[in-house]
Each structure stands twice: as C-alpha cells, then as structure tokens.
Amino acid sequence: MTVHFHEEDLPAGVLADGPVAVDTETMGLVTRRDRLCVVQISDGGPDEHLVRFNPGSSYDAPNLKAVLADPNRIKLYHFARFDLAAIEYYLGVMAAPVFCTKIASKLVRTYTDRHGLKNLVDELLGESISKQQQSSDWGGPVLSDAQRDYAASDVRFLHRMRDELILRLEREGRMEMAQACFDFLPTRSRLDIAGWEDRDIFSHE
C-alpha cells in the first residue's frame, strides 16, 4: 500500500469508479471555527490519497470536489455527520450519498457501546490501527509520517467494513432503517452548521 500526499487538490484520474471512503482532519471539533486541513480518500484499492489544505486556502479543489459531489458515488465514512459538515462548510459541496459505519455499527452491534473505528477494525476485520495521532496539529507546515499513516488508516478499512456491516444489517432486518438514517445525514450536518449541533429537535423538550 502507498499513501499519496497532494497539496490543495486531488490529481485527476487517480481513483477507480465506484464507492470511495472519505475522512477529514480539522483543527478541532467546531466546524465554523476549526478549519479543514486534510481530506483522505480511497477507492478501496491498495493506495490512499491525502489532500492537504494550507492556512488561507481558497479550497478551490475542482478534482476533489467533483468526486465528492458525484451523486453516483457512495461515500463511506465513520461518523459521517462531522465530515459532511466540514466538507460542505469549507469545500462547498455535499459529499453524498452516504454510508456511515458508525451508525451501521450502532444499529447492529447492540451488544456493545464500543463503536469507535479502532473497535470496528479489530472486531470485524481482525486488524489493528493506532489512534495515537488523533489529537495532533493537522495545520502545521509539515505532516509527519505518523500523521500521514494515521490519516490514511482512517479510510483504509472502510470498504471492507461496509461489506461486513451490510451483511449484519440485512441479517437483522435493519438495512432499510439504516438507509433512512444515511439519507438524513446531509440534513443533520446542515443543522449542525446552522447552530443546532447540541439540540435534538425531535425531542419533546
């Protein structure tokens, strides 16, 4: 496997057709405050691509935007709600349709409260990933090899995890419910951007 690093845009033609796994790294967890620094993307093959945006970036990334906005490509995420908001806020495209492995996990792995990416990779695929670089400075002038490998690992396993989770969703009769949740995620992310990130508008309160 090879991790390819790009500045400000994805080169044209580097991804195969079909679903793509997507993740983001930002300066923090508040979308409107903490800028988008890196977008990771993988077509499920042996390579991962990282696109880094520098401070003051115009986020003019036509090749990357075309892939993310393509309505015929499913985008695979782990906790899509956050990534969708960051991508739309900074890149100006809604990166849907969506499959979210975290939501799928919560719908079928009801025997546990451990739904982190590391937990899923371990249980579903029998592999391990390091989360050591999860809290690090993604906006610095140089990304270390450890940071690059961490970022790549966030998309490296999503295609295989999706296959396993679909089997479990179908087995438990919850695929239709999961799809309805995935379809709502663009609206949920827009509610976050608009200021309802800490409010459940469906609750009685």
# chains A, B, ... in the order shown; residues from 1 in each chain; ligands from 1
$ select_by_dssp --residues "range 39-78 of chain A" --states "helix (DSSP H, G or I)" --output "MDAnalysis selection string"
chainID A and resid 62:69
$ write_last_selection --atoms "N, CA, C and O atoms" --output "mmCIF file, in the first residue's frame"
data_model
loop_
_atom_site.group_PDB
_atom_site.id
_atom_site.type_symbol
_atom_site.label_atom_id
_atom_site.label_comp_id
_atom_site.auth_asym_id
_atom_site.auth_seq_id
_atom_site.Cartn_x
_atom_site.Cartn_y
_atom_site.Cartn_z
ATOM 1 N N PRO A 62 -11.097 21.527 -7.715
ATOM 2 C CA PRO A 62 -12.132 21.030 -8.634
ATOM 3 C C PRO A 62 -12.157 19.517 -8.792
ATOM 4 O O PRO A 62 -13.242 18.926 -8.921
ATOM 5 N N ASN A 63 -11.006 18.870 -8.807
ATOM 6 C CA ASN A 63 -10.999 17.414 -8.979
ATOM 7 C C ASN A 63 -11.583 16.708 -7.766
ATOM 8 O O ASN A 63 -12.402 15.787 -7.885
ATOM 9 N N LEU A 64 -11.162 17.149 -6.584
ATOM 10 C CA LEU A 64 -11.684 16.556 -5.352
ATOM 11 C C LEU A 64 -13.171 16.832 -5.213
ATOM 12 O O LEU A 64 -13.956 15.932 -4.880
ATOM 13 N N LYS A 65 -13.586 18.055 -5.486
ATOM 14 C CA LYS A 65 -14.997 18.406 -5.366
ATOM 15 C C LYS A 65 -15.856 17.580 -6.316
ATOM 16 O O LYS A 65 -16.971 17.172 -5.965
ATOM 17 N N ALA A 66 -15.354 17.335 -7.519
ATOM 18 C CA ALA A 66 -16.125 16.559 -8.496
ATOM 19 C C ALA A 66 -16.380 15.144 -7.984
ATOM 20 O O ALA A 66 -17.482 14.596 -8.160
ATOM 21 N N VAL A 67 -15.376 14.547 -7.357
ATOM 22 C CA VAL A 67 -15.544 13.200 -6.796
ATOM 23 C C VAL A 67 -16.529 13.231 -5.631
ATOM 24 O O VAL A 67 -17.454 12.406 -5.548
ATOM 25 N N LEU A 68 -16.346 14.185 -4.730
ATOM 26 C CA LEU A 68 -17.187 14.239 -3.537
ATOM 27 C C LEU A 68 -18.635 14.555 -3.867
ATOM 28 O O LEU A 68 -19.552 14.060 -3.196
ATOM 29 N N ALA A 69 -18.864 15.375 -4.872
ATOM 30 C CA ALA A 69 -20.227 15.787 -5.219
ATOM 31 C C ALA A 69 -20.917 14.825 -6.174
ATOM 32 O O ALA A 69 -22.111 14.985 -6.455
#
$ closest_atom_pairs --of "range 67-118 of chain A" --to "range 34-57 of chain A" --cutoff "12 Å" --atoms "only C-alpha atoms" --output "Markdown table"
| residue | atom | partner | partner_atom | distance |
| --- | --- | --- | --- | --- |
| A:Val67 | CA | A:Ile41 | CA | 9.7 |
| A:Leu68 | CA | A:Ile41 | CA | 9.5 |
| A:Arg73 | CA | A:Asp43 | CA | 10.2 |
| A:Ile74 | CA | A:Asp43 | CA | 10.5 |
| A:Lys75 | CA | A:Ile41 | CA | 9.3 |
| A:Leu76 | CA | A:Ser42 | CA | 9.4 |
| A:Tyr77 | CA | A:Ile41 | CA | 10.0 |
| A:Phe82 | CA | A:Leu36 | CA | 11.2 |
| A:Asp83 | CA | A:Val39 | CA | 9.2 |
| A:Leu84 | CA | A:Val39 | CA | 11.3 |
| A:Ala85 | CA | A:Leu36 | CA | 10.3 |
| A:Ala86 | CA | A:Leu36 | CA | 6.5 |
| A:Ile87 | CA | A:Leu36 | CA | 7.7 |
| A:Glu88 | CA | A:Leu36 | CA | 10.3 |
| A:Tyr89 | CA | A:Leu36 | CA | 8.9 |
| A:Tyr90 | CA | A:Leu36 | CA | 6.7 |
| A:Leu91 | CA | A:Leu36 | CA | 8.9 |
| A:Gly92 | CA | A:Leu36 | CA | 11.9 |
| A:Ala95 | CA | A:Val39 | CA | 11.7 |
$ closest_residue --among "A:Val30, A:Val108, A:Tyr150, A:His78" --to "Glu170 in chain A" --atoms "only C-alpha atoms"
A:Val108
$ closest_residue --among "A:Asp145, A:Gly140, A:Ile193, A:Ser58" --to "Arg33 in chain A" --atoms "only C-alpha atoms"
A:Ile193
$ closest_residue --among "A:Val121, A:Glu8, A:Gly13, A:His115" --to "Glu164 in chain A" --atoms "only C-alpha atoms"
A:Val121
$ residues_around --residues "Gln147 in chain A" --least-positions-apart "2" --cutoff "12 Å" --atoms "only C-alpha atoms" --output "list in words"
Val3, Phe5, Glu25, Val38, Gln40, Leu50, Arg52, Ser130, Lys131, Gln132, Gln133, Gln134, Ser135, Ser136, Asp137, Trp138, Gly139, Gly140, Val142, Leu143, Ser144, Asp145, Asp149, Tyr150, Ala151, Ala152, Ser153 and Asp154 of chain A
$ residues_around --residues "Ala80 in chain A" --least-positions-apart "4" --cutoff "10 Å" --atoms "only C-alpha atoms" --output "ChimeraX atom specification"
/A:22-24,75-76,84-86,95-96,98-103,182,185-186,188-189
$ write_last_selection --atoms "all heavy atoms" --output "compact mmCIF listing (two decimals), in the first residue's frame"
# COMPACT_ATOMS: atom_id res chain seq x y z
N VAL A 22 -14.02 8.22 2.69
CA VAL A 22 -13.64 9.62 2.89
C VAL A 22 -13.53 9.91 4.39
O VAL A 22 -14.31 9.40 5.20
CB VAL A 22 -14.69 10.58 2.27
CG1 VAL A 22 -14.27 12.04 2.46
CG2 VAL A 22 -14.91 10.28 0.79
N ASP A 23 -12.55 10.73 4.74
CA ASP A 23 -12.42 11.20 6.11
C ASP A 23 -11.80 12.60 6.07
O ASP A 23 -11.26 13.02 5.02
CB ASP A 23 -11.54 10.25 6.93
CG ASP A 23 -11.57 10.58 8.42
OD1 ASP A 23 -12.68 10.80 8.95
OD2 ASP A 23 -10.51 10.65 9.05
N THR A 24 -11.87 13.31 7.16
CA THR A 24 -11.28 14.64 7.24
C THR A 24 -10.48 14.80 8.52
O THR A 24 -10.75 14.13 9.52
CB THR A 24 -12.37 15.74 7.22
OG1 THR A 24 -13.22 15.60 8.37
CG2 THR A 24 -13.20 15.67 5.95
N LYS A 75 -20.26 7.55 -0.71
CA LYS A 75 -19.12 7.92 0.13
C LYS A 75 -19.24 7.20 1.47
O LYS A 75 -20.27 7.26 2.13
CB LYS A 75 -19.06 9.44 0.37
CG LYS A 75 -18.63 10.23 -0.86
CD LYS A 75 -19.79 10.40 -1.80
CE LYS A 75 -19.38 11.14 -3.07
NZ LYS A 75 -20.55 11.33 -3.96
N LEU A 76 -18.18 6.52 1.83
CA LEU A 76 -18.14 5.76 3.08
C LEU A 76 -17.42 6.57 4.14
O LEU A 76 -16.32 7.08 3.90
CB LEU A 76 -17.40 4.43 2.87
CG LEU A 76 -17.71 3.66 1.59
CD1 LEU A 76 -16.89 2.38 1.53
CD2 LEU A 76 -19.18 3.36 1.46
N LEU A 84 -19.27 15.41 6.74
CA LEU A 84 -20.16 16.09 5.79
C LEU A 84 -20.22 17.58 6.07
O LEU A 84 -20.20 18.41 5.14
CB LEU A 84 -21.56 15.50 5.86
CG LEU A 84 -21.76 14.10 5.28
CD1 LEU A 84 -23.16 13.58 5.61
CD2 LEU A 84 -21.54 14.09 3.78
N ALA A 85 -20.31 17.95 7.35
CA ALA A 85 -20.37 19.36 7.71
C ALA A 85 -19.08 20.08 7.34
O ALA A 85 -19.11 21.18 6.78
CB ALA A 85 -20.67 19.50 9.21
N ALA A 86 -17.94 19.48 7.66
CA ALA A 86 -16.65 20.11 7.36
C ALA A 86 -16.46 20.29 5.86
O ALA A 86 -16.00 21.34 5.38
CB ALA A 86 -15.51 19.29 7.95
N ALA A 95 -21.10 15.97 0.20
CA ALA A 95 -20.43 14.74 -0.22
C ALA A 95 -21.29 13.51 0.08
O ALA A 95 -20.99 12.69 0.94
CB ALA A 95 -19.07 14.63 0.45
N ALA A 96 -22.38 13.40 -0.65
CA ALA A 96 -23.34 12.32 -0.51
C ALA A 96 -23.53 11.67 -1.89
O ALA A 96 -23.07 12.23 -2.88
CB ALA A 96 -24.66 12.87 0.03
N VAL A 98 -24.40 8.58 1.18
CA VAL A 98 -23.58 8.26 2.33
C VAL A 98 -23.81 6.83 2.81
O VAL A 98 -24.93 6.32 2.78
CB VAL A 98 -23.93 9.23 3.49
CG1 VAL A 98 -23.21 8.86 4.77
CG2 VAL A 98 -23.64 10.67 3.10
N PHE A 99 -22.73 6.20 3.29
CA PHE A 99 -22.82 5.03 4.16
C PHE A 99 -21.94 5.34 5.36
O PHE A 99 -20.75 5.61 5.22
CB PHE A 99 -22.32 3.76 3.47
CG PHE A 99 -22.53 2.51 4.30
CD1 PHE A 99 -23.61 1.67 4.04
CD2 PHE A 99 -21.68 2.17 5.34
CE1 PHE A 99 -23.82 0.52 4.79
CE2 PHE A 99 -21.88 1.03 6.10
CZ PHE A 99 -22.95 0.20 5.83
N CYS A 100 -22.53 5.31 6.57
CA CYS A 100 -21.79 5.62 7.79
C CYS A 100 -21.59 4.36 8.62
O CYS A 100 -22.55 3.76 9.11
CB CYS A 100 -22.53 6.68 8.61
SG CYS A 100 -21.69 7.11 10.15
N THR A 101 -20.33 3.96 8.78
CA THR A 101 -20.05 2.73 9.52
C THR A 101 -20.38 2.86 11.00
O THR A 101 -20.68 1.86 11.66
CB THR A 101 -18.59 2.31 9.34
OG1 THR A 101 -17.72 3.38 9.73
CG2 THR A 101 -18.30 1.95 7.88
N LYS A 102 -20.33 4.08 11.54
CA LYS A 102 -20.64 4.25 12.97
C LYS A 102 -22.13 4.04 13.22
O LYS A 102 -22.52 3.37 14.18
CB LYS A 102 -20.21 5.62 13.45
CG LYS A 102 -20.32 5.79 14.96
CD LYS A 102 -19.41 6.89 15.47
CE LYS A 102 -19.21 6.78 16.96
NZ LYS A 102 -18.01 7.48 17.42
N ILE A 103 -22.97 4.62 12.37
CA ILE A 103 -24.40 4.41 12.51
C ILE A 103 -24.75 2.94 12.29
O ILE A 103 -25.53 2.35 13.04
CB ILE A 103 -25.17 5.31 11.54
CG1 ILE A 103 -25.13 6.76 12.03
CG2 ILE A 103 -26.63 4.85 11.38
CD1 ILE A 103 -25.79 7.75 11.11
N PHE A 182 -28.90 7.14 6.85
CA PHE A 182 -27.85 7.67 5.97
C PHE A 182 -28.40 8.81 5.11
O PHE A 182 -27.72 9.82 4.90
CB PHE A 182 -27.32 6.57 5.05
CG PHE A 182 -26.75 5.37 5.76
CD1 PHE A 182 -26.73 4.13 5.13
CD2 PHE A 182 -26.23 5.47 7.05
CE1 PHE A 182 -26.21 3.02 5.77
CE2 PHE A 182 -25.71 4.35 7.70
CZ PHE A 182 -25.70 3.13 7.06
N LEU A 185 -28.51 12.17 6.89
CA LEU A 185 -27.26 12.76 7.40
C LEU A 185 -26.90 14.11 6.78
O LEU A 185 -26.40 14.99 7.50
CB LEU A 185 -26.10 11.77 7.24
CG LEU A 185 -26.04 10.70 8.34
CD1 LEU A 185 -25.05 9.61 7.96
CD2 LEU A 185 -25.64 11.32 9.67
N PRO A 186 -27.09 14.35 5.48
CA PRO A 186 -26.82 15.70 4.98
C PRO A 186 -27.61 16.78 5.71
O PRO A 186 -27.07 17.84 6.04
CB PRO A 186 -27.21 15.60 3.50
CG PRO A 186 -26.95 14.18 3.15
CD PRO A 186 -27.38 13.41 4.37
N ARG A 188 -28.78 16.49 8.79
CA ARG A 188 -28.26 16.56 10.16
C ARG A 188 -27.00 17.40 10.21
O ARG A 188 -26.81 18.21 11.13
CB ARG A 188 -27.99 15.13 10.65
CG ARG A 188 -27.33 15.00 12.01
CD ARG A 188 -28.20 15.47 13.15
NE ARG A 188 -27.88 16.85 13.53
CZ ARG A 188 -28.35 17.46 14.60
NH1 ARG A 188 -29.18 16.82 15.42
NH2 ARG A 188 -28.02 18.70 14.88
N SER A 189 -26.13 17.27 9.22
CA SER A 189 -24.89 18.05 9.21
C SER A 189 -25.18 19.53 8.98
O SER A 189 -24.51 20.40 9.54
CB SER A 189 -23.92 17.52 8.14
OG SER A 189 -24.38 17.79 6.84
$ residues_around --residues "range 116-120 of chain A" --least-positions-apart "3" --cutoff "7 Å" --atoms "only C-alpha atoms" --output "list in words"
His78, Glu123, Leu124, Ser128 and Ile129 of chain A
$ closest_residue --among "A:Met161, A:Val155, A:Glu197, A:Asn72" --to "Leu29 in chain A" --atoms "only C-alpha atoms"
A:Glu197
$ select_by_dssp --residues "range 35-152 of chain A" --states "strand (DSSP E)" --output "number ranges by chain"
A: 36-42, 47-52, 75-77, 98-100
$ residues_around --residues "Arg168 in chain A" --least-positions-apart "5" --cutoff "12 Å" --atoms "only C-alpha atoms" --output "ChimeraX atom specification"
/A:101,104-110,124,161-163,173-175,178
